[in-house]
>>> print(open('model-v2.cif').read())   # mmCIF, C-alpha atoms
data_final
loop_
_atom_site.label_atom_id
_atom_site.label_comp_id
_atom_site.auth_asym_id
_atom_site.auth_seq_id
_atom_site.Cartn_x
_atom_site.Cartn_y
_atom_site.Cartn_z
CA MET A 22 -27.70 -11.60 15.42
CA GLU A 23 -31.10 -10.16 16.12
CA GLN A 24 -32.54 -8.16 13.22
CA PHE A 25 -34.49 -4.95 13.65
CA ASP A 26 -37.95 -4.92 12.16
CA ILE A 27 -37.47 -1.39 10.83
CA SER A 28 -34.50 0.24 9.15
CA VAL A 29 -33.00 3.53 10.24
CA GLU A 30 -34.03 5.02 6.92
CA ASP A 31 -37.65 3.88 7.24
CA PHE A 32 -37.74 5.28 10.75
CA ASP A 33 -37.78 8.73 9.14
CA ALA A 34 -39.89 7.80 6.10
CA LEU A 35 -43.16 9.39 7.23
CA ASP A 36 -45.73 10.86 4.87
CA GLY A 37 -46.18 14.62 4.88
CA GLU A 38 -44.23 17.19 6.85
CA HIS A 39 -43.66 16.66 10.54
CA GLU A 40 -42.18 18.44 13.52
CA PHE A 41 -40.50 15.51 15.23
CA SER A 42 -41.26 15.33 18.93
CA ASP A 43 -38.68 14.85 21.66
CA LYS A 44 -40.11 11.39 22.24
CA TYR A 45 -39.62 10.52 18.57
CA LYS A 46 -36.02 11.75 18.62
CA LYS A 47 -35.34 9.86 21.84
CA ASN A 48 -36.76 6.65 20.36
CA LYS A 49 -34.64 7.06 17.24
CA ARG A 50 -31.51 7.57 19.33
CA GLU A 51 -32.31 4.43 21.29
CA LEU A 52 -32.75 2.48 18.05
CA LEU A 53 -29.39 3.72 16.77
CA LYS A 54 -27.74 3.02 20.11
CA GLU A 55 -28.96 -0.57 20.17
CA TYR A 56 -27.92 -1.04 16.55
CA ARG A 57 -24.47 0.36 17.30
CA LYS A 58 -24.02 -1.93 20.29
CA LYS A 59 -24.80 -4.92 18.07
CA ILE A 60 -22.62 -3.95 15.15
CA TYR A 61 -19.66 -3.17 17.41
CA ALA A 62 -20.13 -5.96 19.96
CA PRO A 63 -17.19 -8.37 20.29
CA SER A 64 -17.84 -11.77 18.75
CA LYS A 65 -16.09 -15.14 18.82
CA LYS A 66 -16.77 -15.40 15.12
CA LYS A 67 -14.58 -13.63 12.60
CA TYR A 68 -17.53 -11.90 10.99
CA THR A 69 -20.99 -10.89 12.04
CA LYS A 70 -24.04 -9.65 10.16
CA ALA A 71 -25.46 -6.20 10.58
CA ALA A 72 -29.05 -5.19 9.93
CA VAL A 73 -28.74 -2.19 7.65
CA ALA A 74 -30.08 -0.65 4.41
CA ALA A 75 -33.27 0.89 3.13
CA ALA A 76 -36.71 -0.63 2.64
CA LEU A 77 -36.03 -3.31 5.26
CA LEU A 78 -33.40 -4.94 3.05
CA ILE A 79 -30.92 -6.70 5.33
CA VAL A 80 -27.35 -6.38 4.08
CA SER A 81 -24.62 -8.45 5.69
CA ALA A 82 -21.21 -6.86 6.18
CA PRO A 83 -18.01 -7.98 7.93
CA VAL A 84 -17.34 -6.24 11.20
CA ILE A 85 -14.02 -6.59 12.96
CA THR A 86 -14.02 -8.79 16.04
CA ASN A 87 -12.31 -6.32 18.34
CA ALA A 88 -14.41 -3.28 17.43
CA ALA A 89 -15.47 -0.82 20.10
CA THR A 90 -18.70 -1.11 22.06
CA GLY A 91 -21.09 1.41 23.52
CA GLY A 92 -19.58 4.80 24.28
CA GLU A 93 -16.10 3.63 23.30
CA PHE A 94 -17.12 4.14 19.68
CA PHE A 95 -17.26 7.90 20.25
CA ASN A 96 -14.21 7.97 22.51
CA ARG A 97 -12.07 6.23 19.90
CA ILE A 98 -12.93 8.64 17.09
CA TRP A 99 -13.41 11.92 19.02
CA GLY A 100 -12.12 11.23 22.49
CA SER A 101 -9.18 10.02 24.54
CA ALA A 102 -9.47 6.24 24.19
CA GLY A 103 -6.17 4.91 22.91
CA ARG A 104 -4.61 8.40 22.97
CA GLU A 105 -2.49 10.28 25.47
CA ASN A 106 -2.12 14.03 25.84
CA ILE A 107 1.11 15.16 24.19
CA ALA A 108 3.22 18.03 25.48
CA GLN A 109 5.02 20.36 23.10
CA HIS A 110 8.36 18.80 22.23
CA LYS A 111 11.26 19.09 19.81
CA GLU A 112 12.73 16.38 17.61
CA VAL A 113 15.70 16.31 15.27
CA LEU A 114 14.84 14.97 11.84
CA TYR A 115 17.55 13.60 9.58
CA ASP A 116 17.70 13.39 5.80
CA ASN A 117 20.12 10.53 5.22
CA GLU A 118 20.25 11.06 1.46
CA LYS A 119 21.28 14.72 1.76
CA GLY A 120 23.19 14.30 5.01
CA THR A 121 21.29 17.17 6.66
CA SER A 122 19.10 17.57 9.71
CA CYS A 123 16.66 20.04 11.20
CA THR A 124 14.90 20.54 14.52
CA VAL A 125 11.12 20.42 14.45
CA THR A 126 8.82 21.61 17.24
CA TYR A 127 5.72 19.47 17.66
CA PRO A 128 2.76 21.28 19.25
CA LYS A 129 0.83 20.23 22.32
CA GLN A 130 -2.19 17.99 21.71
CA GLU A 131 -5.00 17.48 24.21
CA PHE A 132 -7.76 14.89 24.14
CA GLU A 133 -10.90 14.72 26.25
CA ASP A 134 -13.18 11.93 27.46
CA ILE A 135 -16.64 11.98 25.91
CA ASP A 136 -19.96 11.37 27.62
CA PRO A 137 -21.54 8.78 25.28
CA ASP A 138 -25.08 10.02 25.92
CA LYS A 139 -24.07 13.58 25.09
CA ALA A 140 -22.17 12.42 22.02
CA GLU A 141 -25.25 10.50 20.90
CA LYS A 142 -27.33 13.67 21.06
CA LEU A 143 -24.71 15.80 19.34
CA ILE A 144 -23.89 13.60 16.36
CA GLY A 145 -25.58 10.18 16.67
CA ASP A 146 -28.45 10.93 14.29
CA ASN A 147 -26.03 12.01 11.56
CA ILE A 148 -23.76 8.96 11.44
CA SER A 149 -24.43 6.58 8.57
CA TYR A 150 -23.99 2.91 9.48
CA ASN A 151 -24.26 1.31 6.06
CA PRO A 152 -21.00 -0.62 5.62
CA VAL A 153 -19.39 -0.63 2.16
CA VAL A 154 -17.04 -3.52 1.43
CA LYS A 155 -14.58 -3.80 -1.46
CA GLU A 156 -12.11 -6.57 -2.24
CA ILE A 157 -9.00 -4.96 -3.70
CA GLY A 158 -6.73 -7.78 -4.76
CA ASP A 159 -5.93 -9.70 -1.58
CA THR A 160 -6.92 -6.78 0.68
CA LYS A 161 -10.40 -6.11 2.00
CA LEU A 162 -11.49 -2.49 2.53
CA SER A 163 -14.54 -1.96 4.74
CA VAL A 164 -15.95 1.55 5.24
CA LEU A 165 -17.95 1.03 8.43
CA SER A 166 -19.41 4.48 9.09
CA PHE A 167 -19.44 8.02 7.69
CA VAL A 168 -20.51 11.39 9.06
CA HIS A 169 -20.22 14.89 7.59
CA ASP A 170 -21.45 18.47 7.85
CA GLY A 171 -20.82 19.75 4.31
CA ASN A 172 -17.43 21.20 5.22
CA ALA A 173 -15.74 18.20 6.79
CA ALA A 174 -16.23 14.48 7.27
CA VAL A 175 -15.03 11.53 9.32
CA ALA A 176 -14.96 7.99 7.97
CA GLU A 177 -14.23 4.83 9.93
CA PHE A 178 -12.70 1.97 7.95
CA THR A 179 -10.64 -1.20 8.18
CA LEU A 180 -8.08 -2.85 5.92
CA GLU A 181 -7.65 -6.63 6.19
CA ARG A 182 -5.09 -8.91 4.54
CA LYS A 183 -3.85 -12.35 5.50
CA GLY A 184 -0.14 -12.29 6.08
CA GLY A 185 -0.13 -8.60 6.99
CA VAL A 186 -1.54 -5.33 5.70
CA ASP A 187 1.13 -3.63 3.58
CA ALA A 188 -0.94 -0.85 2.00
CA LEU A 189 -0.16 1.85 4.60
CA VAL A 190 2.93 3.27 6.26
CA TYR A 191 2.05 4.28 9.82
CA ASN A 192 3.25 4.63 13.41
CA GLU A 193 2.63 6.87 16.43
CA ASN A 194 4.67 9.67 14.90
CA TYR A 195 2.60 9.54 11.71
CA ASN A 196 -0.59 9.71 13.81
CA GLU A 197 0.74 12.78 15.60
CA THR A 198 1.71 14.58 12.40
CA LYS A 199 0.64 13.95 8.80
CA GLY A 200 -1.21 10.66 9.27
CA ALA A 201 -0.70 7.28 7.59
CA ASP A 202 0.33 7.22 3.94
CA PHE A 203 0.03 4.65 1.18
CA SER A 204 3.21 2.58 1.02
CA ASP A 205 5.59 1.94 -1.85
CA GLU A 206 4.52 -1.72 -1.71
CA SER A 207 0.81 -0.96 -2.07
CA THR A 208 -0.78 -1.98 -5.35
CA PHE A 209 -3.80 0.25 -4.88
CA TYR A 210 -4.94 3.66 -3.71
CA PHE A 211 -8.28 5.09 -2.62
CA ASP A 212 -9.76 8.41 -1.55
CA PHE A 213 -13.12 10.08 -1.03
CA GLY A 214 -13.89 12.27 -4.02
CA GLY A 215 -13.67 15.99 -3.25
CA TYR A 216 -12.07 15.44 0.15
CA ASP A 217 -8.53 15.80 1.50
CA GLY A 218 -7.58 14.35 4.83
CA LYS A 219 -5.47 12.51 7.35
CA ILE A 220 -5.66 8.80 8.16
CA TYR A 221 -5.26 7.95 11.85
CA VAL A 222 -4.45 4.29 12.57
CA ASP A 223 -5.82 3.09 15.91
CA LEU A 224 -2.71 1.26 17.13
CA ASP A 225 -4.50 -0.27 20.13
CA LYS A 226 -7.13 -1.95 17.97
CA SER A 227 -5.01 -2.81 14.96
CA GLY A 228 -2.94 -5.92 14.36
CA LYS A 229 -0.75 -7.44 11.67
CA ASP A 230 -3.63 -8.64 9.51
CA MET A 231 -6.08 -5.81 10.20
CA LEU A 232 -5.78 -2.04 10.47
CA TYR A 233 -8.54 -0.06 12.16
CA CYS A 234 -8.54 3.55 10.92
CA TYR A 235 -10.28 6.93 11.11
CA TYR A 236 -10.13 9.29 8.13
CA TYR A 237 -10.50 12.98 9.12
CA MET A 238 -11.28 15.05 6.03
CA THR A 239 -12.14 18.49 4.73
CA ASN A 240 -14.23 19.22 1.67
CA SER A 241 -12.06 20.64 -1.11
CA TYR A 242 -14.83 22.65 -2.73
CA SER A 243 -18.42 23.63 -2.01
CA GLY A 244 -21.42 21.51 -2.83
CA ASN A 245 -19.83 18.09 -3.13
CA THR A 246 -21.52 16.41 -0.18
CA ASP A 247 -24.86 14.94 -1.28
CA ASN A 248 -23.20 11.90 -2.85
CA VAL A 249 -19.92 10.75 -1.33
CA ILE A 250 -17.86 8.76 -3.80
CA LEU A 251 -15.06 6.37 -2.89
CA ASN A 252 -12.47 6.37 -5.71
CA ILE A 253 -10.28 3.26 -6.06
CA GLU A 254 -7.28 2.65 -8.31
CA GLU A 255 -5.81 -0.86 -8.67
CA TYR A 256 -2.36 -0.99 -10.26
CA PRO A 257 -0.68 -3.87 -12.12
CA CYS A 258 2.46 -3.13 -10.08
CA THR A 259 3.48 -1.54 -6.82
CA ARG A 260 3.13 2.22 -6.36
CA LYS A 261 6.92 2.51 -6.26
CA GLU A 262 7.25 0.76 -9.61
CA LEU A 263 4.55 3.00 -11.06
CA TRP A 264 6.13 6.29 -9.94
CA GLU A 265 9.64 5.22 -10.94
CA SER A 266 8.56 4.18 -14.43
CA ASP A 267 8.55 6.50 -17.42
CA GLY A 268 7.66 6.61 -21.09
CA SER A 269 6.09 3.46 -22.53
CA GLN A 270 6.40 1.54 -19.25
CA TYR A 271 4.40 4.17 -17.35
CA LYS A 272 1.76 4.25 -20.11
CA GLU A 273 1.49 0.46 -20.00
CA TYR A 274 0.98 0.50 -16.23
CA MET A 275 -1.67 3.21 -16.49
CA ASP A 276 -3.48 1.41 -19.31
CA LYS A 277 -3.75 -1.66 -17.08
CA THR A 278 -4.82 0.32 -13.99
CA LYS A 279 -8.39 -0.48 -12.93
CA LYS A 280 -10.43 2.48 -11.74
CA SER A 281 -13.72 2.07 -9.91
CA THR A 282 -16.08 4.12 -7.78
CA ILE A 283 -18.48 3.23 -4.98
CA THR A 284 -21.19 5.45 -3.50
CA VAL A 285 -20.79 5.67 0.27
CA PRO A 286 -24.01 6.31 2.25
CA SER A 287 -23.41 9.63 3.96
CA GLY A 288 -26.47 10.27 6.13
CA THR A 289 -27.88 13.70 6.89
CA LYS A 290 -25.48 16.60 7.35
CA ALA A 291 -24.73 17.68 10.90
CA ASP A 292 -26.25 21.08 11.68
CA LYS A 293 -24.03 24.15 11.53
CA SER A 294 -24.26 27.45 13.43
CA VAL A 295 -22.96 30.70 11.93
CA PHE A 296 -20.87 33.21 13.89
CA VAL A 297 -19.96 36.66 12.56
CA ASN A 298 -17.41 39.38 13.33
CA LYS A 299 -17.95 43.15 13.08
CA ASP A 300 -17.00 43.14 9.37
CA ASN A 301 -19.45 40.32 8.54
CA GLY A 302 -16.72 37.73 8.30
CA THR A 303 -18.27 34.35 9.05
CA ILE A 304 -17.44 31.10 10.79
CA GLU A 305 -19.53 27.95 10.31
CA ILE A 306 -19.38 25.53 13.25
CA SER A 307 -20.86 22.08 13.69
CA SER A 308 -20.08 19.37 16.21
CA LEU A 309 -17.42 18.15 13.76
CA SER A 310 -15.65 21.20 12.37
CA MET A 311 -15.33 24.94 11.86
CA LYS A 312 -14.86 26.84 8.59
CA ILE A 313 -13.38 30.34 8.84
CA ASP A 314 -13.71 32.95 6.10
CA MET A 315 -10.19 34.42 6.24
CA LYS A 316 -11.01 37.37 3.97
CA LYS A 317 -13.14 39.53 6.28
CA GLY A 318 -12.44 41.02 9.69
CA LEU A 319 -8.95 39.62 10.29
CA GLY A 320 -7.01 42.43 8.66
CA LEU A 321 -5.34 40.10 6.16
CA SER A 322 -4.42 40.84 2.55
CA LYS A 323 -5.64 38.44 -0.14
CA GLU A 324 -2.26 36.71 -0.15
CA GLU A 325 -2.27 36.43 3.64
CA ALA A 326 -5.87 35.15 3.72
CA TYR A 327 -4.83 32.29 1.44
CA ASP A 328 -2.15 31.14 3.91
CA PRO A 329 -3.54 29.09 6.86
CA TYR A 330 -0.44 30.03 8.89
CA ASN A 331 -1.93 33.48 9.44
CA ALA A 332 -4.58 32.02 11.76
CA TYR A 333 -2.23 31.91 14.74
CA TYR A 334 -4.86 31.65 17.50
CA VAL A 335 -8.26 29.97 17.25
CA SER A 336 -10.44 29.23 20.28
CA ILE A 337 -14.04 28.35 21.03
CA ASN A 338 -15.21 30.16 24.16
CA TYR A 339 -18.00 28.42 26.07
CA LYS A 340 -20.73 30.00 28.15
CA ASP A 341 -19.32 28.50 31.36
CA GLY A 342 -16.03 30.35 30.87
CA THR A 343 -13.98 27.41 29.61
CA LYS A 344 -12.19 27.39 26.27
CA TYR A 345 -11.36 24.89 23.56
CA VAL A 346 -8.10 26.14 22.03
CA VAL A 347 -8.25 24.57 18.60
CA HIS A 348 -4.92 25.96 17.41
CA GLU A 349 -2.16 28.32 18.58
CA HIS A 350 1.34 29.06 17.31
CA GLU A 351 3.98 31.77 17.56
CA MET A 352 4.01 34.70 15.12
CA ASP A 353 7.16 36.82 15.26
CA GLY A 354 6.33 40.28 16.53
CA ILE A 355 2.59 39.51 16.59
CA HIS A 356 1.82 36.63 18.96
CA SER A 357 3.74 34.59 21.53
CA CYS A 358 2.66 31.62 23.66
CA LYS A 359 4.21 29.31 26.23
CA GLU A 360 3.21 26.20 24.27
CA GLU A 361 2.06 25.84 20.71
CA THR A 362 -1.17 23.85 20.46
CA ASP A 363 -2.82 21.80 17.74
CA ASN A 364 -6.12 20.32 18.87
CA ALA A 365 -7.43 19.59 15.39
CA SER A 366 -7.59 16.15 13.83
CA TYR A 367 -6.96 17.74 10.43
CA THR A 368 -6.58 21.29 9.08
CA CYS A 369 -6.76 22.49 5.49
CA GLY A 370 -7.19 25.74 3.60
CA THR A 371 -9.48 25.94 0.56
CA THR A 372 -9.18 27.67 -2.80
CA GLU A 373 -11.87 30.10 -1.60
CA ASP A 374 -9.63 31.44 1.21
CA ASN A 375 -11.46 29.50 3.88
CA LEU A 376 -9.70 27.59 6.65
CA ILE A 377 -11.29 24.39 7.94
CA PHE A 378 -10.44 22.66 11.21
CA VAL A 379 -11.73 19.14 11.88
CA PHE A 380 -12.08 18.95 15.67
CA ASN A 381 -10.38 16.33 17.83
CA ARG A 382 -13.49 16.26 20.03
CA LEU A 383 -17.23 16.84 19.64
CA VAL A 384 -18.39 20.43 20.14
CA ASP A 385 -21.74 21.43 21.62
CA THR A 386 -22.59 24.46 19.48
CA ASP A 387 -25.49 25.47 21.74
CA ASN A 388 -23.01 26.20 24.54
CA ILE A 389 -20.68 28.46 22.55
CA GLN A 390 -20.50 32.06 23.80
CA SER A 391 -18.09 33.31 21.15
CA VAL A 392 -15.20 32.36 18.89
CA THR A 393 -11.81 34.07 18.74
CA VAL A 394 -9.58 34.04 15.68
CA ASN A 395 -6.29 35.87 16.28
CA LYS A 396 -7.64 39.04 18.00
CA THR A 397 -11.07 39.06 16.37
CA LYS A 398 -14.22 38.01 18.20
CA TYR A 399 -17.19 36.30 16.52
CA LYS A 400 -20.72 36.19 17.96
CA ILE A 401 -23.66 34.00 16.98
CA GLN A 402 -25.50 35.33 13.94
CA ASN A 403 -28.97 36.60 14.85
#
>>> encode(input="model-v2.cif", output="structure tokens")
Amino acid sequence: MEQFDISVEDFDALDGEHEFSDKYKKNKRELLKEYRKKIYAPSKKKYTKAAVAAALLIVSAPVITNAATGGEFFNRIWGSAGRENIAQHKEVLYDNEKGTSCTVTYPKQEFEDIDPDKAEKLIGDNISYNPVVKEIGDTKLSVLSFVHDGNAAVAEFTLERKGGVDALVYNENYNETKGADFSDESTFYFDFGGYDGKIYVDLDKSGKDMLYCYYYMTNSYSGNTDNVILNIEEYPCTRKELWESDGSQYKEYMDKTKKSTITVPSGTKADKSVFVNKDNGTIEISSLSMKIDMKKGLGLSKEEAYDPYNAYYVSINYKDGTKYVVHEHEMDGIHSCKEETDNASYTCGTTEDNLIFVFNRLVDTDNIQSVTVNKTKYKIQN
């Protein structure tokens, strides 16, 4: 593979303070675009080498052979590639152990195609392409890219294992709801320190021996974004054996558990815009996510502000009159709708009574006219 004669990091390493010109920014985007095409280009070889890292140090990293190319990279993570719009529907869930069942209503989900050039301008400069690879027993974990805004993050990773990846439980229903989970048979676990999230397995691009995944996450508490840490636990047994053990057996397993951490290059934070309501309640919005302060301007008590369910309608209203309905559900006696909608890749409340939505598309913050939460309007902060 051709190697660049300058790293992405050195591209910005200029002496003194500078106001980067449009030409500079365009050239940087072109450099990143060409790099991305190379790192995601299909190859007849199992692995390829990517030119990444600071100070012109070339670091080789495995890249999956069927990875996306060009604009498909954006459309897989934030667009409609490999996904179909889902209408609201009901399903009966059974608990075989208890012999009971319940009917669950799944909300509507809508995905949109993404213009790759627009996506490049919105988020391209913020994505870190410095692959981190870790051998965990007979499974290889590769974190291929990472992007964040301080409130939320998206990581792209693969799991590879000859004979079949058994670390995750997943299917289309998991993707639609809670996301993939670590299996009883897994002998390890990992997470990104300070983040909670949902793992989406790209079923189109995954196979028996390799899973291709996107991890949509929210930051659990403020200020934990300058250094992103990957936490890994390797057990001397399966997770099922660990959780079913007790007393001395559990202590023995934990004593033999190997814990390690890896710093994941996170890149620069995506810019956020602040919107306010008449009571100075705020919303922070980037291309990736929105964080709503539930305490001010929504008429909620402290107990209600802590419960994400009390945000029953959230929409981004664009200047051209269109809307992005991020979330909508029924509230008895307060709000009704024909179809409940969940157009977030992940949603989580925080201990500070904030509610964070990770978008299922990229948002152009410059084109937002206003934001509506329940019946409260938010305008751009002057």
>>> resolve_selection(input="model-v2.cif", expression="the PyMOL selection byres ((chain A and resi 108-124) around 10)", output="ChimeraX atom specification")
/A:105-107,125-131,359-363
>>> write_last_selection(input="model-v2.cif", atoms="C-alpha atoms", output="PDB file, in the frame of the given file")
ATOM      1  CA  GLU A 105      -2.490  10.280  25.470  1.00  0.00           C
ATOM      2  CA  ASN A 106      -2.120  14.030  25.840  1.00  0.00           C
ATOM      3  CA  ILE A 107       1.110  15.160  24.190  1.00  0.00           C
ATOM      4  CA  VAL A 125      11.120  20.420  14.450  1.00  0.00           C
ATOM      5  CA  THR A 126       8.820  21.610  17.240  1.00  0.00           C
ATOM      6  CA  TYR A 127       5.720  19.470  17.660  1.00  0.00           C
ATOM      7  CA  PRO A 128       2.760  21.280  19.250  1.00  0.00           C
ATOM      8  CA  LYS A 129       0.830  20.230  22.320  1.00  0.00           C
ATOM      9  CA  GLN A 130      -2.190  17.990  21.710  1.00  0.00           C
ATOM     10  CA  GLU A 131      -5.000  17.480  24.210  1.00  0.00           C
ATOM     11  CA  LYS A 359       4.210  29.310  26.230  1.00  0.00           C
ATOM     12  CA  GLU A 360       3.210  26.200  24.270  1.00  0.00           C
ATOM     13  CA  GLU A 361       2.060  25.840  20.710  1.00  0.00           C
ATOM     14  CA  THR A 362      -1.170  23.850  20.460  1.00  0.00           C
ATOM     15  CA  ASP A 363      -2.820  21.800  17.740  1.00  0.00           C
TER      16      ASP A 363
END
>>> atom_distance(input="model-v2.cif", atom1="atom CA of A:Phe296", atom2="atom CA of A:Phe378")
15.1 Å
>>> closest_residue(input="model-v2.cif", among="A:Gly103, A:Gly158, A:Gly214, A:Gly185", to="A:Val285", atoms="only C-alpha atoms")
A:Gly214
>>> resolve_selection(input="model-v2.cif", expression="the PyMOL selection byres ((chain A and resi 193) around 12)", output="PDB file with C-alpha atoms, in the coordinates of the input")
ATOM      1  CA  GLY A 103      -6.170   4.910  22.910  1.00  0.00           C
ATOM      2  CA  ARG A 104      -4.610   8.400  22.970  1.00  0.00           C
ATOM      3  CA  GLU A 105      -2.490  10.280  25.470  1.00  0.00           C
ATOM      4  CA  ILE A 107       1.110  15.160  24.190  1.00  0.00           C
ATOM      5  CA  VAL A 190       2.930   3.270   6.260  1.00  0.00           C
ATOM      6  CA  TYR A 191       2.050   4.280   9.820  1.00  0.00           C
ATOM      7  CA  ASN A 192       3.250   4.630  13.410  1.00  0.00           C
ATOM      8  CA  ASN A 194       4.670   9.670  14.900  1.00  0.00           C
ATOM      9  CA  TYR A 195       2.600   9.540  11.710  1.00  0.00           C
ATOM     10  CA  ASN A 196      -0.590   9.710  13.810  1.00  0.00           C
ATOM     11  CA  GLU A 197       0.740  12.780  15.600  1.00  0.00           C
ATOM     12  CA  THR A 198       1.710  14.580  12.400  1.00  0.00           C
ATOM     13  CA  LYS A 199       0.640  13.950   8.800  1.00  0.00           C
ATOM     14  CA  GLY A 200      -1.210  10.660   9.270  1.00  0.00           C
ATOM     15  CA  ALA A 201      -0.700   7.280   7.590  1.00  0.00           C
ATOM     16  CA  ILE A 220      -5.660   8.800   8.160  1.00  0.00           C
ATOM     17  CA  TYR A 221      -5.260   7.950  11.850  1.00  0.00           C
ATOM     18  CA  VAL A 222      -4.450   4.290  12.570  1.00  0.00           C
ATOM     19  CA  ASP A 223      -5.820   3.090  15.910  1.00  0.00           C
ATOM     20  CA  LEU A 224      -2.710   1.260  17.130  1.00  0.00           C
ATOM     21  CA  ASP A 225      -4.500  -0.270  20.130  1.00  0.00           C
TER      22      ASP A 225
END
>>> resolve_selection(input="model-v2.cif", expression="the PyMOL selection byres ((chain A and resi 261) around 10)", output="list in words")
Ser204, Asp205, Glu206, Ser207, Thr208, Cys258, Thr259, Arg260, Glu262, Leu263, Trp264, Glu265 and Ser266 of chain A
>>> closest_residue(input="model-v2.cif", among="A:Leu180, A:Lys396, A:Lys317, A:Val168", to="A:Lys299", atoms="all atoms listed in the file")
A:Lys317
>>> atom_distance(input="model-v2.cif", atom1="atom CA of A:Asp300", atom2="atom CA of A:Lys344")
23.6 Å
>>> atom_distance(input="model-v2.cif", atom1="atom CA of A:Phe94", atom2="atom CA of A:Asn172")
22.4 Å
>>> closest_residue(input="model-v2.cif", among="A:Tyr399, A:Phe132, A:Tyr327, A:Phe178", to="A:Thr372", atoms="all atoms listed in the file")
A:Tyr327
>>> closest_atom_pairs(input="model-v2.cif", of="stretch 97-214 of chain A", to="stretch 228-231 of chain A", cutoff="10 Å", atoms="only C-alpha atoms", output="Markdown table")
| residue | atom | partner | partner_atom | distance |
| --- | --- | --- | --- | --- |
| A:Thr160 | CA | A:Asp230 | CA | 9.6 |
| A:Lys161 | CA | A:Met231 | CA | 9.3 |
| A:Leu162 | CA | A:Met231 | CA | 10.0 |
| A:Thr179 | CA | A:Met231 | CA | 6.8 |
| A:Leu180 | CA | A:Met231 | CA | 5.6 |
| A:Glu181 | CA | A:Met231 | CA | 4.4 |
| A:Arg182 | CA | A:Asp230 | CA | 5.2 |
| A:Lys183 | CA | A:Asp230 | CA | 5.5 |
| A:Gly184 | CA | A:Asp230 | CA | 6.1 |
| A:Gly185 | CA | A:Asp230 | CA | 4.3 |
| A:Val186 | CA | A:Asp230 | CA | 5.5 |
| A:Asp187 | CA | A:Asp230 | CA | 9.1 |
>>> closest_residue(input="model-v2.cif", among="A:Asn331, A:Ser366, A:Ser149, A:Thr282", to="A:Leu165", atoms="all atoms listed in the file")
A:Ser149
>>> closest_residue(input="model-v2.cif", among="A:Ile355, A:Ile253, A:Met275, A:Ala365", to="A:Leu309", atoms="all atoms listed in the file")
A:Ala365
>>> residues_around(input="model-v2.cif", residues="A:Gly100", least_positions_apart="5", cutoff="9 Å", atoms="only C-alpha atoms", output="list of chain:residue names")
A:Glu93, A:Phe95, A:Phe132, A:Glu133, A:Asp134, A:Ile135, A:Asn381, A:Arg382, A:Leu383
>>> closest_residue(input="model-v2.cif", among="A:Gly171, A:Gly268, A:Gly218, A:Pro286", to="A:Cys369", atoms="only C-alpha atoms")
A:Gly218
>>> residues_around(input="model-v2.cif", residues="A:Ser307", least_positions_apart="5", cutoff="12 Å", atoms="all atoms listed in the file", output="number ranges by chain")
A: 143-144, 147, 168-174, 290-296, 312, 337, 377-380, 382-389
>>> decode(input="model-v2.cif", residues="stretch 204-238 of chain A", atoms="C-alpha atoms", output="compact mmCIF listing (two decimals), in the first residue's frame")
# COMPACT_ATOMS: atom_id res chain seq x y z
CA SER A 204 -22.39 -14.14 25.73
CA ASP A 205 -22.30 -16.72 28.50
CA GLU A 206 -19.54 -18.49 26.56
CA SER A 207 -17.30 -15.42 26.35
CA THR A 208 -14.13 -15.54 28.42
CA PHE A 209 -13.59 -11.79 28.28
CA TYR A 210 -15.33 -8.44 28.47
CA PHE A 211 -14.40 -4.93 27.38
CA ASP A 212 -15.80 -1.41 27.54
CA PHE A 213 -14.74 2.19 27.03
CA GLY A 214 -14.10 3.77 30.42
CA GLY A 215 -16.74 6.32 31.40
CA TYR A 216 -19.07 5.37 28.56
CA ASP A 217 -22.30 3.34 28.35
CA GLY A 218 -23.64 2.21 25.03
CA LYS A 219 -25.16 -0.14 22.52
CA ILE A 220 -23.28 -2.46 20.16
CA TYR A 221 -24.75 -2.74 16.67
CA VAL A 222 -23.52 -5.74 14.64
CA ASP A 223 -23.46 -5.07 10.90
CA LEU A 224 -25.06 -8.33 9.76
CA ASP A 225 -24.35 -7.65 6.07
CA LYS A 226 -20.61 -7.32 6.62
CA SER A 227 -20.16 -9.88 9.37
CA GLY A 228 -19.49 -13.60 9.02
CA LYS A 229 -18.86 -16.62 11.21
CA ASP A 230 -15.22 -15.78 11.92
CA MET A 231 -15.52 -11.98 11.98
CA LEU A 232 -18.01 -9.53 13.44
CA TYR A 233 -18.07 -5.95 12.20
CA CYS A 234 -19.57 -3.64 14.84
CA TYR A 235 -20.43 -0.05 15.73
CA TYR A 236 -20.53 1.01 19.38
CA TYR A 237 -22.85 3.99 20.03
CA MET A 238 -22.09 5.48 23.45
